[in-house]
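Notes for the one structure printed next.
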Amino acid sequence: MNSTPLDLALLVIKNLNSRSQDIIKKRYGLLDNKPKTLEAIGKDYKITRERVRQIINAILKNIKKPENLAFLKEFYELCFKVIRENGGIYEEKALLSKINELTSKEDQKQAINFLLSLNDNFVFEEENDSFRAFWRLKEFGVEKFKKIVKGIEKYFKEKNKSLTFEEIFEFVKKHLDKNISAKVLEVYLGLSLNIQRNVFGEYGLNSLRDINPNGAREKAYLILKHLKKPMHFTEIAKHLNEFSEKAQAVNASLRWFKKVEVQTVHNELIKDPRFVLIGRGIYALRDWGYKPGKVIDVIKEILVKANKPLTQEKIIEEVKKYRLAKDNTIILNLHNKRYFKKLPNKRFVLIRKKTSQPKVLEI
């Protein structure tokens, strides 16, 4: 295609009188990519906004005659191809950017928008409480699309957790549309205002903490949950700030965009029972089995739970399941004669009570 969208748009209106041309250019932002409101145009011509609307409708009715648009065939074929390859539906801003990329080196999105509005084979749907604004092909099954998205939202409510794309795809294929492709499903999910994708690529309802975390604690919990390893609070802070930059790229919540101070992370996590300080500044999730408290307290609990004497090696092994501690630190605590007794067979037991004759827990 040799002509740019703006060239084509200006050709469409070239036979109009100067006032009609000016009104169309202003209303659709053909020259500056900044569409003007009906009221603003009315003030320019000292007429009411309703009169401007009537003039524009009359102009468009005349322009949209097939014989006036025949020279746009190549442009419309391109638009049809792009939308069809996207499943017959395309988010408004994304479509205009895609067509602009294919047809011009300059920003001519508003000219593209104007040209699309002249062809009844392309239908524009304004943004509402459920969906972003989008363009679709006339024959596209819009009601089926909305039904599928609503079905997915209902499924999210039932599961009450974030899901991977593969899990959603499996559900939709089984219960909503067995013929849907992965690409089309991704398009559908992106059009819903109630569904969002987090920085880990999982989907869920906006209200879900896994999707829309509020504050450093919630974000830190998600990071540890997904990375599946204990981390120093400075490392957690680093990940939080890296993900805040990544968030925009995956269309996640604006709550991720706010960066955090390193000390803030430590101050927040130390107060949250979901996190366990297992070493100097190192946090893990309580869900992983880690326990709070001193190493000596962990040893006590291990011996009580085992209900039998244990070797030093076994105690070290068990302690490391709950705390990040060096062998020497564990051994030093284990040889505290106030709490533990070493038996002749080199196994250790817990001293239940401190008396003149230590009473040993005999198993």
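Labels for the structure tokens follow display order: chains A, B, ..., residues from 1 in each chain, ligands from 1.
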
Give one line per residue of stretch 133-192 of chain A that approaches stretch 211-221 of chain A to at most 10 Å, naming the two atoms of the closest pair and their distance in Å to one decimal, counting only C-alpha atoms; sort by chain then ascending residue number and deliver it as a Markdown table.
```
| residue | atom | partner | partner_atom | distance |
| --- | --- | --- | --- | --- |
| A:Lys161 | CA | A:Ile211 | CA | 8.8 |
| A:Ser162 | CA | A:Ile211 | CA | 6.9 |
| A:Leu163 | CA | A:Ile211 | CA | 9.9 |
```

**Request:** Show which residues sit within 10 Å of A:Glu235, as a list in words. Count only C-alpha atoms, and ignore same-chain residues fewer than 2 positions away.
**Result:** Pro230, Met231, His232, Phe233, Ala237, Lys238, His239, Leu240, Val262, Val265, Gly281 and Ile282 of chain A

How would you write, as an mmCIF file with N, CA and C atoms, in the first residue's frame, the set of residues in stretch 47-168 of chain A that DSSP gives as strand (DSSP E or B)?
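Done, and the output landed in selection_20.cif:
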```
data_model
loop_
_atom_site.group_PDB
_atom_site.id
_atom_site.type_symbol
_atom_site.label_atom_id
_atom_site.label_comp_id
_atom_site.auth_asym_id
_atom_site.auth_seq_id
_atom_site.Cartn_x
_atom_site.Cartn_y
_atom_site.Cartn_z
ATOM 1 N N ILE A 89 -11.539 -10.095 16.610
ATOM 2 C CA ILE A 89 -11.761 -9.042 17.601
ATOM 3 C C ILE A 89 -10.406 -8.506 18.042
ATOM 4 N N TYR A 90 -10.322 -7.174 18.308
ATOM 5 C CA TYR A 90 -9.016 -6.581 18.626
ATOM 6 C C TYR A 90 -9.215 -5.387 19.548
ATOM 7 N N GLU A 91 -8.472 -5.361 20.652
ATOM 8 C CA GLU A 91 -8.535 -4.221 21.562
ATOM 9 C C GLU A 91 -8.199 -2.950 20.789
ATOM 10 N N PHE A 122 -16.656 -3.264 9.920
ATOM 11 C CA PHE A 122 -15.900 -3.154 11.155
ATOM 12 C C PHE A 122 -16.778 -2.472 12.197
ATOM 13 N N VAL A 123 -16.934 -3.112 13.334
ATOM 14 C CA VAL A 123 -17.832 -2.603 14.374
ATOM 15 C C VAL A 123 -17.024 -2.222 15.611
ATOM 16 N N PHE A 124 -17.275 -1.013 16.085
ATOM 17 C CA PHE A 124 -16.570 -0.544 17.289
ATOM 18 C C PHE A 124 -17.458 -0.690 18.511
ATOM 19 N N GLU A 125 -16.902 -1.263 19.577
ATOM 20 C CA GLU A 125 -17.623 -1.415 20.843
ATOM 21 C C GLU A 125 -16.914 -0.567 21.897
ATOM 22 N N PHE A 131 -15.694 -4.728 29.744
ATOM 23 C CA PHE A 131 -14.735 -4.928 28.661
ATOM 24 C C PHE A 131 -14.065 -3.633 28.224
ATOM 25 N N PHE A 134 -13.075 -2.125 21.919
ATOM 26 C CA PHE A 134 -12.480 -2.986 20.898
ATOM 27 C C PHE A 134 -13.182 -2.832 19.549
ATOM 28 N N TRP A 135 -12.458 -3.220 18.518
ATOM 29 C CA TRP A 135 -13.010 -3.332 17.175
ATOM 30 C C TRP A 135 -13.228 -4.817 16.881
ATOM 31 N N ARG A 136 -14.272 -5.114 16.136
ATOM 32 C CA ARG A 136 -14.548 -6.493 15.745
ATOM 33 C C ARG A 136 -15.084 -6.532 14.324
ATOM 34 N N LEU A 137 -14.963 -7.692 13.711
ATOM 35 C CA LEU A 137 -15.570 -7.880 12.403
ATOM 36 C C LEU A 137 -17.079 -8.021 12.574
ATOM 37 N N LEU A 163 -4.780 -18.668 38.365
ATOM 38 C CA LEU A 163 -4.611 -19.869 37.555
ATOM 39 C C LEU A 163 -3.638 -19.598 36.413
#
```

Residues at most 12 Å from A:Val12, counting only C-alpha atoms, excluding those fewer than 3 positions away in the same chain, as a tab-separated table (two decimals) with N, CA and C atoms, in the first residue's frame?
```tsv
chain	number	residue	atom	x	y	z
A	5	PRO	N	-2.43	6.06	5.88
A	5	PRO	CA	-3.81	6.25	6.33
A	5	PRO	C	-4.25	7.71	6.29
A	6	LEU	N	-3.36	8.62	6.65
A	6	LEU	CA	-3.72	10.03	6.62
A	6	LEU	C	-3.97	10.50	5.19
A	7	ASP	N	-3.12	10.05	4.25
A	7	ASP	CA	-3.34	10.39	2.84
A	7	ASP	C	-4.73	9.93	2.39
A	8	LEU	N	-5.08	8.72	2.77
A	8	LEU	CA	-6.37	8.15	2.38
A	8	LEU	C	-7.53	8.91	3.02
A	9	ALA	N	-7.37	9.27	4.28
A	9	ALA	CA	-8.43	9.99	4.99
A	9	ALA	C	-8.68	11.36	4.36
A	15	ASN	N	-13.51	16.34	-1.36
A	15	ASN	CA	-14.58	16.97	-2.12
A	15	ASN	C	-15.60	17.70	-1.25
A	16	LEU	N	-15.41	17.67	0.06
A	16	LEU	CA	-16.32	18.39	0.95
A	16	LEU	C	-15.98	19.87	0.95
A	20	SER	N	-16.92	21.64	6.26
A	20	SER	CA	-17.14	20.21	6.53
A	20	SER	C	-15.81	19.49	6.72
A	21	GLN	N	-14.84	19.84	5.86
A	21	GLN	CA	-13.52	19.23	5.99
A	21	GLN	C	-12.92	19.57	7.35
A	24	ILE	N	-14.59	17.59	10.25
A	24	ILE	CA	-14.17	16.18	10.28
A	24	ILE	C	-12.73	16.06	10.79
A	25	LYS	N	-11.87	16.94	10.32
A	25	LYS	CA	-10.46	16.90	10.76
A	25	LYS	C	-10.36	17.11	12.26
A	30	LEU	N	-7.47	14.32	12.71
A	30	LEU	CA	-6.71	13.88	11.55
A	30	LEU	C	-5.35	14.57	11.41
A	59	ILE	N	-22.50	14.34	6.97
A	59	ILE	CA	-21.26	14.17	6.20
A	59	ILE	C	-20.92	12.69	6.05
A	60	LEU	N	-20.96	11.96	7.16
A	60	LEU	CA	-20.61	10.55	7.14
A	60	LEU	C	-21.58	9.74	6.28
A	62	ASN	N	-23.05	10.66	3.65
A	62	ASN	CA	-22.69	10.88	2.25
A	62	ASN	C	-21.37	10.18	1.90
A	63	ILE	N	-20.40	10.28	2.79
A	63	ILE	CA	-19.09	9.68	2.53
A	63	ILE	C	-19.17	8.18	2.42
A	64	LYS	N	-19.99	7.53	3.24
A	64	LYS	CA	-20.01	6.08	3.36
A	64	LYS	C	-20.66	5.36	2.18
A	65	LYS	N	-21.00	6.08	1.15
A	65	LYS	CA	-21.53	5.43	-0.05
A	65	LYS	C	-20.42	4.58	-0.68
A	66	PRO	N	-20.71	3.35	-1.06
A	66	PRO	CA	-19.69	2.42	-1.59
A	66	PRO	C	-18.79	3.03	-2.67
A	67	GLU	N	-19.37	3.81	-3.57
A	67	GLU	CA	-18.57	4.37	-4.65
A	67	GLU	C	-17.51	5.35	-4.16
A	68	ASN	N	-17.74	5.94	-2.98
A	68	ASN	CA	-16.77	6.88	-2.43
A	68	ASN	C	-15.61	6.20	-1.71
A	69	LEU	N	-15.79	4.92	-1.40
A	69	LEU	CA	-14.79	4.21	-0.62
A	69	LEU	C	-14.07	3.12	-1.41
A	70	ALA	N	-14.36	3.01	-2.69
A	70	ALA	CA	-13.78	1.93	-3.51
A	70	ALA	C	-12.25	1.95	-3.49
A	71	PHE	N	-11.66	3.14	-3.46
A	71	PHE	CA	-10.20	3.24	-3.51
A	71	PHE	C	-9.54	2.79	-2.20
A	72	LEU	N	-10.37	2.51	-1.17
A	72	LEU	CA	-9.84	2.07	0.12
A	72	LEU	C	-9.80	0.54	0.25
A	111	ALA	N	-6.29	8.71	12.04
A	111	ALA	CA	-6.72	8.56	10.65
A	111	ALA	C	-7.22	7.14	10.40
A	114	PHE	N	-10.64	6.76	11.90
A	114	PHE	CA	-11.64	7.41	11.03
A	114	PHE	C	-12.00	6.50	9.85
A	115	LEU	N	-11.01	5.94	9.22
A	115	LEU	CA	-11.26	5.09	8.06
A	115	LEU	C	-12.04	3.83	8.44
A	118	LEU	N	-15.80	4.27	8.78
A	118	LEU	CA	-16.57	4.46	7.54
A	118	LEU	C	-17.06	3.15	6.94
```

**Among the residues A:Lys159, A:Ile278, A:Arg84, A:Lys173, the one that comes closest to A:Leu208 [using only C-alpha atoms]** =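 Ranked by minimum distance to A:Leu208, first place goes to A:Lys159.
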
**Message:** With distances taken over only C-alpha atoms, which residue among A:Asn100, A:Asn128, A:Gln110, A:Leu191 lies nearest A:Ile148?
**Reply:** A:Leu191

**Item:** Between atom CA of A:Ala40 and atom CA of A:Asp22 - distance in Å to one decimal
**Value:**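 Going from atom CA of A:Asp22 over to atom CA of A:Ala40 covers 12.8 Å.
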
**Message:** Give me, as an MDAnalysis selection string, the residues of stretch 99-261 of chain A that a backbone DSSP run labels alpha helix (DSSP H).
**Reply:** chainID A and resid 99:103 109:117 142:159 165:175 182:191 215:227 233:246

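Our summary of the geometry notes that atom CA of A:Leu189 is positioned 9.7 Å from atom CA of A:Glu153.
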
**Message:** I'd like to know which of A:Asp287, A:Ile23, A:Val295, A:Glu313 is closest to A:Gln54, using only C-alpha atoms.
**Reply:**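 Result for the nearest residue to A:Gln54: A:Ile23.
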
**Message:** Which residues are near A:Asp107? Cut-off 12 Å, only C-alpha atoms, ignore same chain within fewer than 5 positions. Put them as a list in words.
**Reply:** Thr4, Pro5, Leu6, Gly29, Leu30, Leu31, Asp32, Asn33, Lys34, Leu96, Ser97, Lys98, Ile99, Asn100, Glu101, Leu102, Ile112 and Asn113 of chain A

**Request:** To one decimal in Å, tell me the separation between atom CA of A:Lys259 and atom CA of A:Glu202.
**Result:**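 For atom CA of A:Lys259 relative to atom CA of A:Glu202, the distance reads 21.4 Å.
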
**Request:** Would you kindly return, as a list in words, each protein, DNA or RNA residue with an atom no farther than 12 Å from any atom of A:Phe169, considering only C-alpha atoms and excluding same-chain residues fewer than 2 positions away?
**Result:** Ile148, Val149, Ile152, Tyr155, Leu163, Thr164, Phe165, Glu166, Glu167, Phe171, Val172, Lys173, Lys174, His175, Leu176, Asp177, Lys178, Asn179, Ile180, Ser181, Ala182, Lys183, Val184, Leu185, Glu186, Tyr188, Leu189 and Tyr203 of chain A
